[in-house]
file protein.cif (mmCIF, C-alpha atoms and all ligand atoms)
data_protein
loop_
_atom_site.label_atom_id
_atom_site.label_comp_id
_atom_site.auth_asym_id
_atom_site.auth_seq_id
_atom_site.Cartn_x
_atom_site.Cartn_y
_atom_site.Cartn_z
CA MET A 1 127.59 127.68 76.40
CA ASP A 2 124.79 129.76 74.95
CA LYS A 3 121.66 129.81 77.11
CA ASN A 4 119.33 130.19 74.15
CA LEU A 5 120.78 127.19 72.37
CA TYR A 6 120.16 125.10 75.46
CA ALA A 7 116.62 126.47 75.83
CA GLU A 8 115.87 125.38 72.26
CA HIS A 9 117.53 122.02 72.89
CA ILE A 10 115.52 121.20 76.00
CA ALA A 11 112.32 122.30 74.26
CA THR A 12 113.09 119.84 71.44
CA LEU A 13 113.92 117.10 73.94
CA ARG A 14 110.73 117.69 75.88
CA ASN A 15 108.69 117.33 72.68
CA ARG A 16 110.51 114.11 71.87
CA TYR A 17 110.17 112.66 75.36
CA ASP A 18 106.50 113.62 75.63
CA ALA A 19 105.69 111.91 72.34
CA ILE A 20 107.78 108.80 73.09
CA LEU A 21 106.42 108.37 76.62
CA GLU A 22 102.86 108.70 75.37
CA GLU A 23 103.47 106.20 72.58
CA CYS A 24 104.89 103.71 75.09
CA GLY A 25 102.15 104.28 77.65
CA TYR A 26 104.11 106.00 80.42
CA ASP A 27 103.43 109.18 82.38
CA THR A 28 106.76 109.37 84.14
CA LEU A 29 110.36 108.48 83.43
CA ASN A 30 112.92 108.16 86.23
CA VAL A 31 116.50 108.29 84.97
CA PHE A 32 119.29 107.43 87.40
CA SER A 33 122.82 108.77 86.90
CA GLY A 34 124.34 105.68 88.51
CA ALA A 35 126.28 104.63 91.58
CA PRO A 36 130.08 104.43 91.86
CA LYS A 37 131.37 100.85 91.58
CA VAL A 38 133.80 99.47 94.14
CA GLN A 39 136.75 97.45 92.89
CA PHE A 40 136.84 93.77 93.87
CA LEU A 41 138.23 93.19 97.40
CA ASP A 42 139.13 96.85 97.60
CA ASP A 43 137.74 100.10 98.91
CA ASN A 44 138.54 102.17 95.81
CA HIS A 45 136.02 102.98 93.12
CA TYR A 46 136.28 102.70 89.37
CA PRO A 47 136.06 106.06 87.60
CA PHE A 48 132.42 107.13 87.57
CA LYS A 49 130.70 107.23 84.18
CA ALA A 50 127.17 108.61 84.14
CA ASN A 51 124.32 106.70 82.51
CA PRO A 52 124.27 108.11 78.94
CA GLN A 53 120.48 108.46 79.10
CA PHE A 54 120.95 110.66 82.17
CA LYS A 55 123.44 112.96 80.50
CA ALA A 56 121.18 113.02 77.43
CA LEU A 57 118.71 114.96 79.58
CA VAL A 58 120.99 117.08 81.70
CA PRO A 59 124.62 118.14 81.21
CA VAL A 60 125.82 116.57 84.47
CA THR A 61 128.51 113.97 83.86
CA ASP A 62 130.21 113.60 87.22
CA ASN A 63 127.55 113.26 89.89
CA PRO A 64 126.41 109.81 91.01
CA HIS A 65 123.18 109.13 92.95
CA SER A 66 121.35 111.83 90.98
CA TRP A 67 118.09 111.52 89.08
CA VAL A 68 116.02 113.18 86.42
CA ILE A 69 112.31 112.76 87.02
CA TYR A 70 110.55 113.47 83.78
CA ARG A 71 106.76 113.77 83.91
CA ARG A 72 105.04 114.14 80.57
CA GLY A 73 104.25 117.78 79.84
CA GLN A 74 105.96 119.09 82.99
CA LYS A 75 109.20 120.88 83.68
CA PRO A 76 111.71 118.12 84.50
CA ARG A 77 112.96 117.70 88.03
CA LEU A 78 116.59 117.08 88.90
CA LEU A 79 117.45 115.30 92.13
CA PHE A 80 121.03 116.47 92.61
CA TYR A 81 123.20 114.57 95.07
CA ARG A 82 124.95 116.85 97.57
CA PRO A 83 126.00 114.83 100.61
CA VAL A 84 127.82 116.19 103.63
CA ASP A 85 131.17 114.55 102.90
CA PHE A 86 134.57 115.61 104.18
CA TRP A 87 136.38 112.96 102.10
CA HIS A 88 135.30 113.96 98.61
CA TYR A 89 134.60 116.98 96.48
CA VAL A 90 130.90 117.83 96.55
CA PRO A 91 129.79 119.76 93.48
CA PRO A 92 127.84 122.97 94.11
CA ALA A 93 124.16 123.08 93.22
CA PRO A 94 124.12 123.94 89.50
CA ASP A 95 123.66 127.58 88.59
CA THR A 96 124.55 127.74 84.94
CA PHE A 97 123.27 127.95 81.36
CA TRP A 98 120.89 125.01 81.74
CA SER A 99 119.74 125.15 85.35
CA ASP A 100 116.65 127.35 84.80
CA HIS A 101 115.08 124.46 82.90
CA TYR A 102 114.95 122.12 85.89
CA ASP A 103 113.28 122.14 89.28
CA PHE A 104 115.88 121.10 91.81
CA GLU A 105 115.89 118.92 94.88
CA LEU A 106 119.18 118.45 96.69
CA LEU A 107 119.75 114.96 98.09
CA GLY A 108 121.82 114.59 101.26
CA LYS A 109 121.70 110.78 101.08
CA PRO A 110 121.15 108.50 98.07
CA ALA A 111 117.99 107.03 99.64
CA ASP A 112 116.44 110.51 99.92
CA ALA A 113 115.54 110.03 96.23
CA LYS A 114 112.89 107.42 97.11
CA ALA A 115 110.42 110.06 98.25
CA PHE A 116 110.35 111.64 94.78
CA LEU A 117 110.25 108.65 92.45
CA GLY A 118 106.60 107.62 92.57
CA ASP A 119 104.05 105.76 94.63
CA ASP A 120 102.18 102.48 94.22
CA SER A 121 99.38 104.09 92.22
CA SER A 122 101.67 105.59 89.60
CA LEU A 123 104.29 102.85 89.24
CA GLY A 124 102.50 101.00 86.41
CA LYS A 125 102.85 104.14 84.30
CA THR A 126 106.41 104.90 85.36
CA ALA A 127 109.49 103.76 83.50
CA PHE A 128 113.02 103.65 84.86
CA ILE A 129 116.28 103.86 82.93
CA GLY A 130 119.52 103.05 84.69
CA GLU A 131 121.45 100.32 86.47
CA ILE A 132 119.20 98.70 89.04
CA GLN A 133 121.84 97.19 91.38
CA GLY A 134 121.39 98.66 94.85
CA LEU A 135 117.85 99.87 94.18
CA ASP A 136 116.00 96.74 95.38
CA GLY A 137 112.61 97.65 96.76
CA TRP A 138 112.81 101.27 95.55
CA PRO A 139 109.71 102.64 93.77
CA ILE A 140 111.61 103.15 90.52
CA GLY A 141 108.99 101.97 87.99
CA ILE A 142 109.34 99.46 85.15
CA PRO A 143 113.07 99.00 84.59
CA ASN A 144 114.62 99.69 81.22
CA PRO A 145 111.70 98.95 78.87
CA GLU A 146 113.13 97.98 75.49
CA ALA A 147 110.48 99.75 73.41
CA LEU A 148 111.12 103.02 75.22
CA ILE A 149 114.90 102.79 75.08
CA ALA A 150 114.82 101.93 71.36
CA ARG A 151 112.85 105.10 70.59
CA LEU A 152 115.14 107.26 72.72
CA HIS A 153 118.21 105.76 71.07
CA TRP A 154 116.79 106.37 67.63
CA ALA A 155 116.04 110.00 68.47
CA ARG A 156 119.59 110.59 69.70
CA ALA A 157 120.90 110.23 66.15
CA TYR A 158 119.35 113.60 65.25
CA LYS A 159 121.43 116.23 66.96
CA THR A 160 120.04 119.60 68.02
CA PRO A 161 121.98 122.84 67.36
CA TYR A 162 123.08 122.80 71.04
CA GLU A 163 124.49 119.30 70.64
CA MET A 164 126.29 120.34 67.46
CA ALA A 165 127.80 123.28 69.36
CA CYS A 166 129.05 120.89 72.07
CA LEU A 167 130.54 118.57 69.46
CA ARG A 168 132.29 121.49 67.72
CA GLU A 169 133.75 122.62 71.04
CA ALA A 170 134.92 119.08 71.85
CA ASN A 171 136.62 119.08 68.44
CA ARG A 172 138.24 122.46 69.11
CA ILE A 173 139.71 121.21 72.39
CA ALA A 174 140.88 117.95 70.83
CA VAL A 175 142.51 119.60 67.81
CA GLY A 176 144.54 121.91 70.08
CA ALA A 177 145.67 118.84 72.00
CA HIS A 178 146.50 116.93 68.80
CA ARG A 179 148.78 119.80 67.80
CA ALA A 180 150.58 119.60 71.14
CA ALA A 181 150.93 115.84 70.72
CA GLU A 182 152.50 116.21 67.28
CA GLY A 183 154.99 118.69 68.75
CA ALA A 184 155.93 116.22 71.50
CA PHE A 185 156.37 113.45 68.89
CA ARG A 186 158.71 115.63 66.83
CA ASP A 187 160.68 116.40 70.02
CA GLY A 188 161.28 112.69 70.61
CA ALA A 189 158.90 112.17 73.52
CA SER A 190 157.77 108.70 74.61
CA GLU A 191 154.16 107.59 74.08
CA PHE A 192 153.51 108.29 77.76
CA GLU A 193 154.98 111.79 77.48
CA ILE A 194 153.04 112.51 74.29
CA ASN A 195 149.86 111.52 76.10
CA MET A 196 150.71 113.87 78.97
CA ALA A 197 151.26 116.68 76.45
CA TYR A 198 147.87 115.84 74.93
CA LEU A 199 146.00 115.85 78.24
CA GLY A 200 147.77 119.02 79.38
CA ALA A 201 146.80 120.89 76.22
CA ALA A 202 143.22 119.60 76.42
CA GLY A 203 143.00 120.59 80.08
CA GLN A 204 141.23 117.29 80.69
CA GLY A 205 142.36 114.27 82.66
CA GLU A 206 142.27 110.74 81.33
CA ASN A 207 139.03 109.87 83.11
CA ARG A 208 137.33 112.69 81.28
CA MET A 209 138.51 111.48 77.87
CA PRO A 210 135.65 109.82 75.97
CA TYR A 211 137.83 106.71 75.42
CA GLY A 212 141.34 105.53 76.21
CA ASN A 213 143.79 107.56 74.14
CA ILE A 214 145.61 105.61 71.44
CA VAL A 215 149.14 106.98 71.24
CA ALA A 216 151.24 104.74 69.04
CA LEU A 217 154.80 105.07 67.79
CA ASN A 218 156.14 103.02 64.88
CA SER A 219 154.74 99.47 64.60
CA HIS A 220 152.36 100.10 67.54
CA ALA A 221 150.25 101.99 65.00
CA ALA A 222 149.19 98.58 63.67
CA ILE A 223 147.37 97.79 66.93
CA LEU A 224 143.93 99.28 66.35
CA HIS A 225 143.18 100.06 70.01
CA TYR A 226 146.71 100.39 71.39
CA THR A 227 146.47 102.09 74.79
CA HIS A 228 149.64 100.79 76.44
CA LEU A 229 151.59 104.13 76.63
CA SER A 230 155.20 102.99 76.64
CA THR A 231 157.57 105.22 78.62
CA GLU A 232 160.48 104.44 76.29
CA ARG A 233 161.95 107.34 74.32
CA LEU A 234 163.05 106.10 70.93
CA PRO A 235 166.40 107.22 69.55
CA GLU A 236 165.85 109.71 66.74
CA ALA A 237 167.22 107.30 64.15
CA ASN A 238 164.44 104.84 65.06
CA LEU A 239 161.53 107.30 64.90
CA LYS A 240 159.33 106.44 61.95
CA SER A 241 155.64 107.02 62.51
CA PHE A 242 153.08 108.29 64.98
CA LEU A 243 149.36 107.51 65.11
CA ILE A 244 147.19 109.24 67.69
CA ASP A 245 143.48 108.60 68.16
CA ALA A 246 142.24 110.82 70.98
CA GLY A 247 139.20 112.93 71.75
CA ALA A 248 137.88 115.42 74.27
CA ASP A 249 134.70 116.11 76.18
CA CYS A 250 132.30 119.03 76.11
CA HIS A 251 129.27 118.78 78.44
CA GLY A 252 129.26 115.02 77.94
CA TYR A 253 129.70 115.08 74.13
CA ALA A 254 132.73 113.42 72.56
CA ALA A 255 135.28 114.21 69.91
CA ASP A 256 137.01 111.22 68.28
CA ILE A 257 139.92 112.26 66.09
CA THR A 258 142.85 110.36 64.59
CA ARG A 259 145.94 111.70 62.89
CA SER A 260 148.98 109.90 61.49
CA TYR A 261 152.42 111.48 61.05
CA ALA A 262 155.64 110.49 59.34
CA TYR A 263 158.90 111.45 61.03
CA ARG A 264 160.66 111.71 57.65
CA ASN A 265 159.77 112.00 53.98
CA GLY A 266 159.45 108.80 52.01
CA ASP A 267 156.90 106.15 51.05
CA TYR A 268 155.11 106.22 54.40
CA ALA A 269 154.73 110.02 54.28
CA GLU A 270 153.31 109.57 50.77
CA LEU A 271 150.95 106.90 52.04
CA ILE A 272 149.61 109.31 54.66
CA ARG A 273 149.07 111.95 51.97
CA ALA A 274 147.20 109.47 49.80
CA MET A 275 145.00 108.34 52.69
CA ASP A 276 144.33 111.92 53.74
CA GLU A 277 143.21 112.89 50.24
CA MET A 278 141.08 109.77 49.99
CA GLN A 279 139.49 110.45 53.38
CA GLN A 280 138.49 113.94 52.31
CA GLY A 281 137.02 112.48 49.14
CA LEU A 282 134.84 110.16 51.22
CA VAL A 283 133.61 113.05 53.37
CA ALA A 284 132.76 114.98 50.19
CA GLN A 285 130.68 112.03 48.98
CA MET A 286 128.44 112.03 52.04
CA GLN A 287 124.92 113.16 51.41
CA VAL A 288 121.43 112.69 52.70
CA GLY A 289 119.98 109.43 51.37
CA LEU A 290 123.27 107.59 50.90
CA ALA A 291 123.49 104.23 52.69
CA TYR A 292 126.50 104.34 55.03
CA PRO A 293 127.51 100.74 54.11
CA ASP A 294 127.81 101.87 50.47
CA LEU A 295 130.31 104.51 51.53
CA HIS A 296 132.18 101.84 53.50
CA ARG A 297 132.33 99.62 50.38
CA ASP A 298 133.61 102.52 48.35
CA CYS A 299 136.26 103.12 50.99
CA HIS A 300 137.50 99.55 50.52
CA LEU A 301 137.83 100.10 46.80
CA LYS A 302 139.80 103.29 47.39
CA VAL A 303 142.09 101.63 49.94
CA ALA A 304 142.68 98.85 47.41
CA GLU A 305 143.55 101.47 44.77
CA ILE A 306 146.12 102.94 47.16
CA LEU A 307 147.52 99.46 47.87
CA GLN A 308 147.94 98.95 44.13
CA ARG A 309 149.43 102.40 43.54
CA PHE A 310 152.04 101.81 46.28
CA GLY A 311 152.88 98.40 44.85
CA VAL A 312 151.62 96.48 47.89
CA ILE A 313 149.23 94.36 45.83
CA ALA A 314 149.73 93.09 42.32
CA THR A 315 146.06 92.80 41.45
CA SER A 316 143.23 95.13 40.47
CA PRO A 317 141.51 97.10 43.25
CA GLU A 318 138.20 95.49 42.29
CA SER A 319 139.58 91.99 42.66
CA ALA A 320 141.31 92.89 45.96
CA VAL A 321 137.94 93.95 47.37
CA GLU A 322 136.18 90.94 45.88
CA SER A 323 138.72 88.45 47.23
CA GLY A 324 138.83 90.12 50.64
CA ILE A 325 142.50 91.15 50.49
CA SER A 326 141.49 94.73 51.28
CA ARG A 327 140.11 93.51 54.63
CA THR A 328 143.57 92.39 55.71
CA PHE A 329 144.68 96.00 55.45
CA LEU A 330 141.45 97.63 56.66
CA PRO A 331 139.77 95.32 59.18
CA HIS A 332 137.53 97.92 60.86
CA GLY A 333 134.53 99.92 59.75
CA LEU A 334 134.59 103.29 58.02
CA GLY A 335 133.07 105.07 61.02
CA HIS A 336 130.20 105.40 63.45
CA PHE A 337 127.70 107.74 65.03
CA LEU A 338 129.22 110.19 67.50
CA GLY A 339 127.55 112.06 70.35
CA LEU A 340 127.14 111.43 74.05
CA GLN A 341 129.01 108.19 73.51
CA VAL A 342 132.01 107.84 71.28
CA HIS A 343 130.31 104.96 69.50
CA ASP A 344 126.91 106.53 69.77
CA VAL A 345 123.86 104.32 70.01
CA GLY A 346 121.54 103.25 67.24
CA GLY A 347 124.02 102.61 64.41
CA HIS A 348 122.46 99.22 63.58
CA GLN A 349 118.90 100.13 64.51
CA THR A 350 116.29 99.52 61.81
CA ALA A 351 113.44 101.77 62.96
CA PRO A 352 112.41 103.93 65.94
CA GLU A 353 110.57 100.93 67.42
CA GLY A 354 113.74 98.83 67.31
CA GLY A 355 115.04 95.98 65.18
CA THR A 356 118.59 95.45 64.04
CA THR A 357 120.11 95.75 60.59
CA PRO A 358 123.37 93.81 60.92
CA PRO A 359 126.44 94.82 58.96
CA PRO A 360 127.19 92.91 55.72
CA ALA A 361 128.71 89.49 56.50
CA GLU A 362 132.04 90.46 54.95
CA TYR A 363 132.31 93.63 57.08
CA PRO A 364 131.25 92.48 60.57
CA PHE A 365 132.82 95.44 62.37
CA LEU A 366 130.91 98.17 60.53
CA ARG A 367 129.13 100.11 63.29
CA THR A 368 126.46 101.80 61.21
CA THR A 369 124.09 100.32 58.68
CA ARG A 370 121.82 103.37 58.63
CA THR A 371 121.03 105.66 55.73
CA ILE A 372 122.65 109.07 56.11
CA GLU A 373 120.19 111.76 57.22
CA ALA A 374 120.35 115.43 58.12
CA GLY A 375 121.24 116.12 61.73
CA GLN A 376 123.37 113.00 62.09
CA VAL A 377 126.98 113.16 63.24
CA PHE A 378 129.52 110.57 62.12
CA THR A 379 133.18 109.79 62.19
CA ILE A 380 134.86 109.05 58.87
CA GLU A 381 138.01 107.09 59.66
CA PRO A 382 139.54 105.04 56.87
CA GLY A 383 142.70 103.17 57.82
CA LEU A 384 145.38 101.09 56.21
CA TYR A 385 147.51 98.89 58.45
CA PHE A 386 150.23 96.27 58.36
CA ILE A 387 149.01 93.90 61.07
CA ASP A 388 151.26 90.88 61.59
CA SER A 389 148.51 88.41 62.56
CA LEU A 390 146.27 89.27 59.61
CA LEU A 391 149.20 89.35 57.19
CA ALA A 392 150.28 85.89 58.40
CA GLU A 393 146.83 84.52 57.54
CA LEU A 394 146.97 86.13 54.12
CA LYS A 395 150.46 84.77 53.48
CA ASP A 396 149.17 81.30 54.29
CA SER A 397 146.30 81.57 51.82
CA PRO A 398 146.06 81.11 48.03
CA LEU A 399 145.85 84.92 47.78
CA ALA A 400 149.46 85.28 48.97
CA LYS A 401 150.71 85.49 45.40
CA GLU A 402 148.71 88.66 44.81
CA VAL A 403 150.76 90.50 47.41
CA ASN A 404 154.18 92.08 47.06
CA TRP A 405 155.66 90.92 50.35
CA ASN A 406 158.82 93.02 50.08
CA LYS A 407 156.64 96.12 50.08
CA VAL A 408 154.62 94.81 52.99
CA ASP A 409 157.80 94.17 54.98
CA ALA A 410 159.07 97.66 54.20
CA PHE A 411 155.87 99.20 55.62
CA ARG A 412 155.53 96.94 58.67
CA PRO A 413 157.76 99.01 60.99
CA TYR A 414 155.47 102.01 60.40
CA GLY A 415 152.38 100.17 61.65
CA GLY A 416 149.73 101.92 59.61
CA VAL A 417 147.71 105.02 58.91
CA ARG A 418 144.32 106.20 60.15
CA ILE A 419 142.75 109.58 59.49
CA GLU A 420 139.56 110.29 61.43
CA ASP A 421 137.35 113.39 61.28
CA ASN A 422 134.00 114.21 62.88
CA VAL A 423 131.32 115.46 60.52
CA ILE A 424 127.79 116.82 60.75
CA VAL A 425 125.40 116.08 57.91
CA HIS A 426 123.24 119.11 57.08
CA PRO A 427 120.35 119.03 54.58
CA ASP A 428 122.48 120.59 51.85
CA ARG A 429 126.11 120.10 52.92
CA VAL A 430 128.49 118.24 55.15
CA GLU A 431 130.33 120.12 57.86
CA ASN A 432 133.73 118.74 58.78
CA MET A 433 134.10 120.01 62.35
CA THR A 434 137.60 118.60 62.69
CA ARG A 435 139.05 120.19 59.56
CA ASP A 436 137.34 123.47 60.41
CA CYS A 437 139.20 123.47 63.73
CA TYR A 438 142.52 122.72 62.04
CA ALA A 439 141.87 125.60 59.63
CA GLU A 440 141.26 128.08 62.44
N1 LIG B 1 138.57 105.83 69.04
C1 LIG B 1 137.79 104.71 68.71
C2 LIG B 1 137.26 104.81 67.36
O1 LIG B 1 137.81 105.53 66.55
O2 LIG B 1 136.26 104.26 67.02
MN MN B 2 138.98 107.19 67.04
MN MN B 3 136.02 106.49 65.80
#

call {"tool": "encode", "arguments": {"input": "protein.cif", "output": "structure tokens", "more": "lines below"}}
Ligand code: GLY
Ligand code: MN
Ligand code: MN
result
Amino acid sequence: MDKNLYAEHIATLRNRYDAILEECGYDTLNVFSGAPKVQFLDDNHYPFKANPQFKALVPVTDNPHSWVIYRRGQKPRLLFYRPVDFWHYVPPAPDTFWSDHYDFELLGKPADAKAFLGDDSSLGKTAFIGEIQGLDGWPIGIPNPEALIARLHWARAYKTPYEMACLREANRIAVGAHRAAEGAFRDGASEFEINMAYLGAAGQGENRMPYGNIVALNSHAAILHYTHLSTERLPEANLKSFLIDAGADCHGYAADITRSYAYRNGDYAELIRAMDEMQQGLVAQMQVGLAYPDLHRDCHLKVAEILQRFGVIATSPESAVESGISRTFLPHGLGHFLGLQVHDVGGHQTAPEGGTTPPPAEYPFLRTTRTIEAGQVFTIEPGLYFIDSLLAELKDSPLAKEVNWNKVDAFRPYGGVRIEDNVIVHPDRVENMTRDCYAE
């Protein structure tokens, strides 16, 4: 990664943190990376996931018991955990594109951090962000103040050029892996084998993936978060469809990409083409000042148009949206913020100080109610599914007569379609990182 980009990034962050800390009345912020969690009645740990507010400050994603000590106006200090440990890998002290911007202390034991966190005189002006279990009696400061966290979350929606570069690289890695996964699907691999092909091509293990990979053959594509990974190889005659929703990591930033494939030509292949074209239309509509929920509503109308065009519904698209039929086929939201977390924070936040703008009552799963602004990064992921449980409810309702059930039954074995890209909103254009990687 480019050193200059990081230098500019940390300068921007320091301005943000200085202003936010001052506004909230703090001199110091202690951010804890976290401690590994032991499994119940066991001596094994769950995979370690760093506190997102820790990796927001420093690109260290795999080191527990580490701290950033941020004093207003001063170069930040990193307490980097380096125990003497013959059981586990101990990462070397960082010497890389970002390390010049931190003063380092190496910690041999977790409790060595205490000496650096603060003293009684400063604790009233010190905030702490992290999980507090195990830190009883430590001089950490005021734990997780809401007003401070709200402002930091709000700021994270506006990505710096360094963050955009990380997100582009995560997309590049993920797109290469998606290509390998499609190849494995066409070769008749099982879901498990396709996932192995994906991880191998990404060069990242499953604990590094930003979320559990969704690798779904045939009707499994109707399960929105299907992560089961069946080892069964389907006979070629039974291969119908493949939906894969999988990302990659770059310095703690996530890609979140979905593609759908038809094994053969036919109605389902046409449905994918229609959804793909529609998805690109939605991306083209994005612009600064547009309310994201309005784009979501428009997506429902377009999905309803597709349902009508394919003969699935026998009613106008407008009435299918109005009656709620479109929600049977698209029960999730159009997309979400993307960044250090796959569902990045702040999507429902009303203002820097906090407050929540809930999604419209009819679309409870919409993850962003914000107005689109420059510097924000979103997914755009329309879907259209044939989900047995939701279809059963519809069939039991007075709206059943507006549906062509023969068509529904013909599509059921294919599960559904989702197309998901990752986009950056610039002041004058929208950059589709995912499509740019496919075009390379
Ligand atoms: N991969 C989860 C999502 O698309 O939101
Ligand atoms: Mn996804
Ligand atoms: Mn997503």

call {"tool": "residues_near_ligand", "arguments": {"input": "protein.cif", "ligand": "ligand LIG 1 (chain B)", "cutoff": "8 Å", "atoms": "only C-alpha atoms and all ligand atoms", "output": "list in words"}}
result
Tyr211, Gly212, Asn213, Ile214, His225, Asp245, Ala246, Gly247, Asp256, Ile257, Thr258, Gly335, His336, Val342, His343, Thr379, Glu381 and Glu420 of chain A

call {"tool": "atom_distance", "arguments": {"input": "protein.cif", "atom1": "atom CA of Gly281 of chain A", "atom2": "atom CA of Tyr363 of chain A"}}
result
21.0 Å

call {"tool": "residues_around", "arguments": {"input": "protein.cif", "residues": "Tyr158 of chain A", "least_positions_apart": "5", "cutoff": "9 Å", "atoms": "all atoms listed in the file", "output": "mmCIF file with C-alpha atoms, in the coordinates of the input"}}
result
data_model
loop_
_atom_site.group_PDB
_atom_site.id
_atom_site.type_symbol
_atom_site.label_atom_id
_atom_site.label_comp_id
_atom_site.auth_asym_id
_atom_site.auth_seq_id
_atom_site.Cartn_x
_atom_site.Cartn_y
_atom_site.Cartn_z
ATOM 1 C CA GLU A 373 120.190 111.760 57.220
ATOM 2 C CA ALA A 374 120.350 115.430 58.120
ATOM 3 C CA GLY A 375 121.240 116.120 61.730
ATOM 4 C CA GLN A 376 123.370 113.000 62.090
ATOM 5 C CA VAL A 377 126.980 113.160 63.240
#

call {"tool": "residues_around", "arguments": {"input": "protein.cif", "residues": "Leu5 of chain A", "least_positions_apart": "6", "cutoff": "10 Å", "atoms": "only C-alpha atoms", "output": "short mmCIF file (atom, residue, chain, number, x, y, z; two decimals) with C-alpha atoms, keeping the file's coordinate frame"}}
result
data_model
loop_
_atom_site.label_atom_id
_atom_site.label_comp_id
_atom_site.auth_asym_id
_atom_site.auth_seq_id
_atom_site.Cartn_x
_atom_site.Cartn_y
_atom_site.Cartn_z
CA ALA A 11 112.32 122.30 74.26
CA PHE A 97 123.27 127.95 81.36
CA TRP A 98 120.89 125.01 81.74
CA THR A 160 120.04 119.60 68.02
CA PRO A 161 121.98 122.84 67.36
CA TYR A 162 123.08 122.80 71.04
CA GLU A 163 124.49 119.30 70.64
CA ALA A 165 127.80 123.28 69.36
#

call {"tool": "residues_near_point", "arguments": {"input": "protein.cif", "point": "(100.5, 100.9, 89.1)", "cutoff": "12 Å", "atoms": "all atoms listed in the file", "output": "VMD selection string"}}
result
chain A and resid 26 to 28 118 to 127 139 to 142

call {"tool": "closest_residue", "arguments": {"input": "protein.cif", "among": "A:Lys49, A:Lys37, A:Lys302, A:His426", "to": "Ile372 of chain A", "atoms": "only C-alpha atoms"}}
result
A:His426

call {"tool": "closest_residue", "arguments": {"input": "protein.cif", "among": "A:Ser241, A:Asn171, A:Thr227, A:Gln280", "to": "Gly188 of chain A", "atoms": "all atoms listed in the file"}}
result
A:Ser241

call {"tool": "atom_distance", "arguments": {"input": "protein.cif", "atom1": "atom CA of Ile419 of chain A", "atom2": "atom CA of Leu239 of chain A"}}
result
19.7 Å

call {"tool": "closest_residue", "arguments": {"input": "protein.cif", "among": "A:Leu243, A:Tyr81, A:Glu440, A:Tyr414", "to": "Gly266 of chain A", "atoms": "only C-alpha atoms"}}
result
A:Tyr414

call {"tool": "atom_distance", "arguments": {"input": "protein.cif", "atom1": "atom CA of Thr12 of chain A", "atom2": "atom CA of Ala155 of chain A"}}
result
10.7 Å

call {"tool": "closest_residue", "arguments": {"input": "protein.cif", "among": "A:His228, A:Lys109, A:Lys240, A:His251", "to": "Asp85 of chain A", "atoms": "only C-alpha atoms"}}
result
A:Lys109

call {"tool": "residues_near_point", "arguments": {"input": "protein.cif", "point": "(118.1, 100.1, 71.6)", "cutoff": "9 Å", "atoms": "all atoms listed in the file", "output": "list in words"}}
result
Glu146, Ala147, Leu148, Ile149, Ala150, Arg151, Leu152, His153, Trp154, Val345, Gly346, Gln349, Pro352, Glu353, Gly354, Gly355 and Thr356 of chain A

call {"tool": "residues_around", "arguments": {"input": "protein.cif", "residues": "Glu402 of chain A", "least_positions_apart": "2", "cutoff": "6 Å", "atoms": "all atoms listed in the file", "output": "list in words"}}
result
Ile313, Ala314, Thr315, Leu399 and Ala400 of chain A

call {"tool": "residues_around", "arguments": {"input": "protein.cif", "residues": "Asp276 of chain A", "least_positions_apart": "6", "cutoff": "10 Å", "atoms": "all atoms listed in the file", "output": "MDAnalysis selection string"}}
result
chainID A and resid 259:260 270 282 381:383 417:420

call {"tool": "closest_residue", "arguments": {"input": "protein.cif", "among": "A:Phe242, A:Tyr263, A:Phe128, A:Tyr46", "to": "Gly416 of chain A", "atoms": "only C-alpha atoms"}}
result
A:Phe242
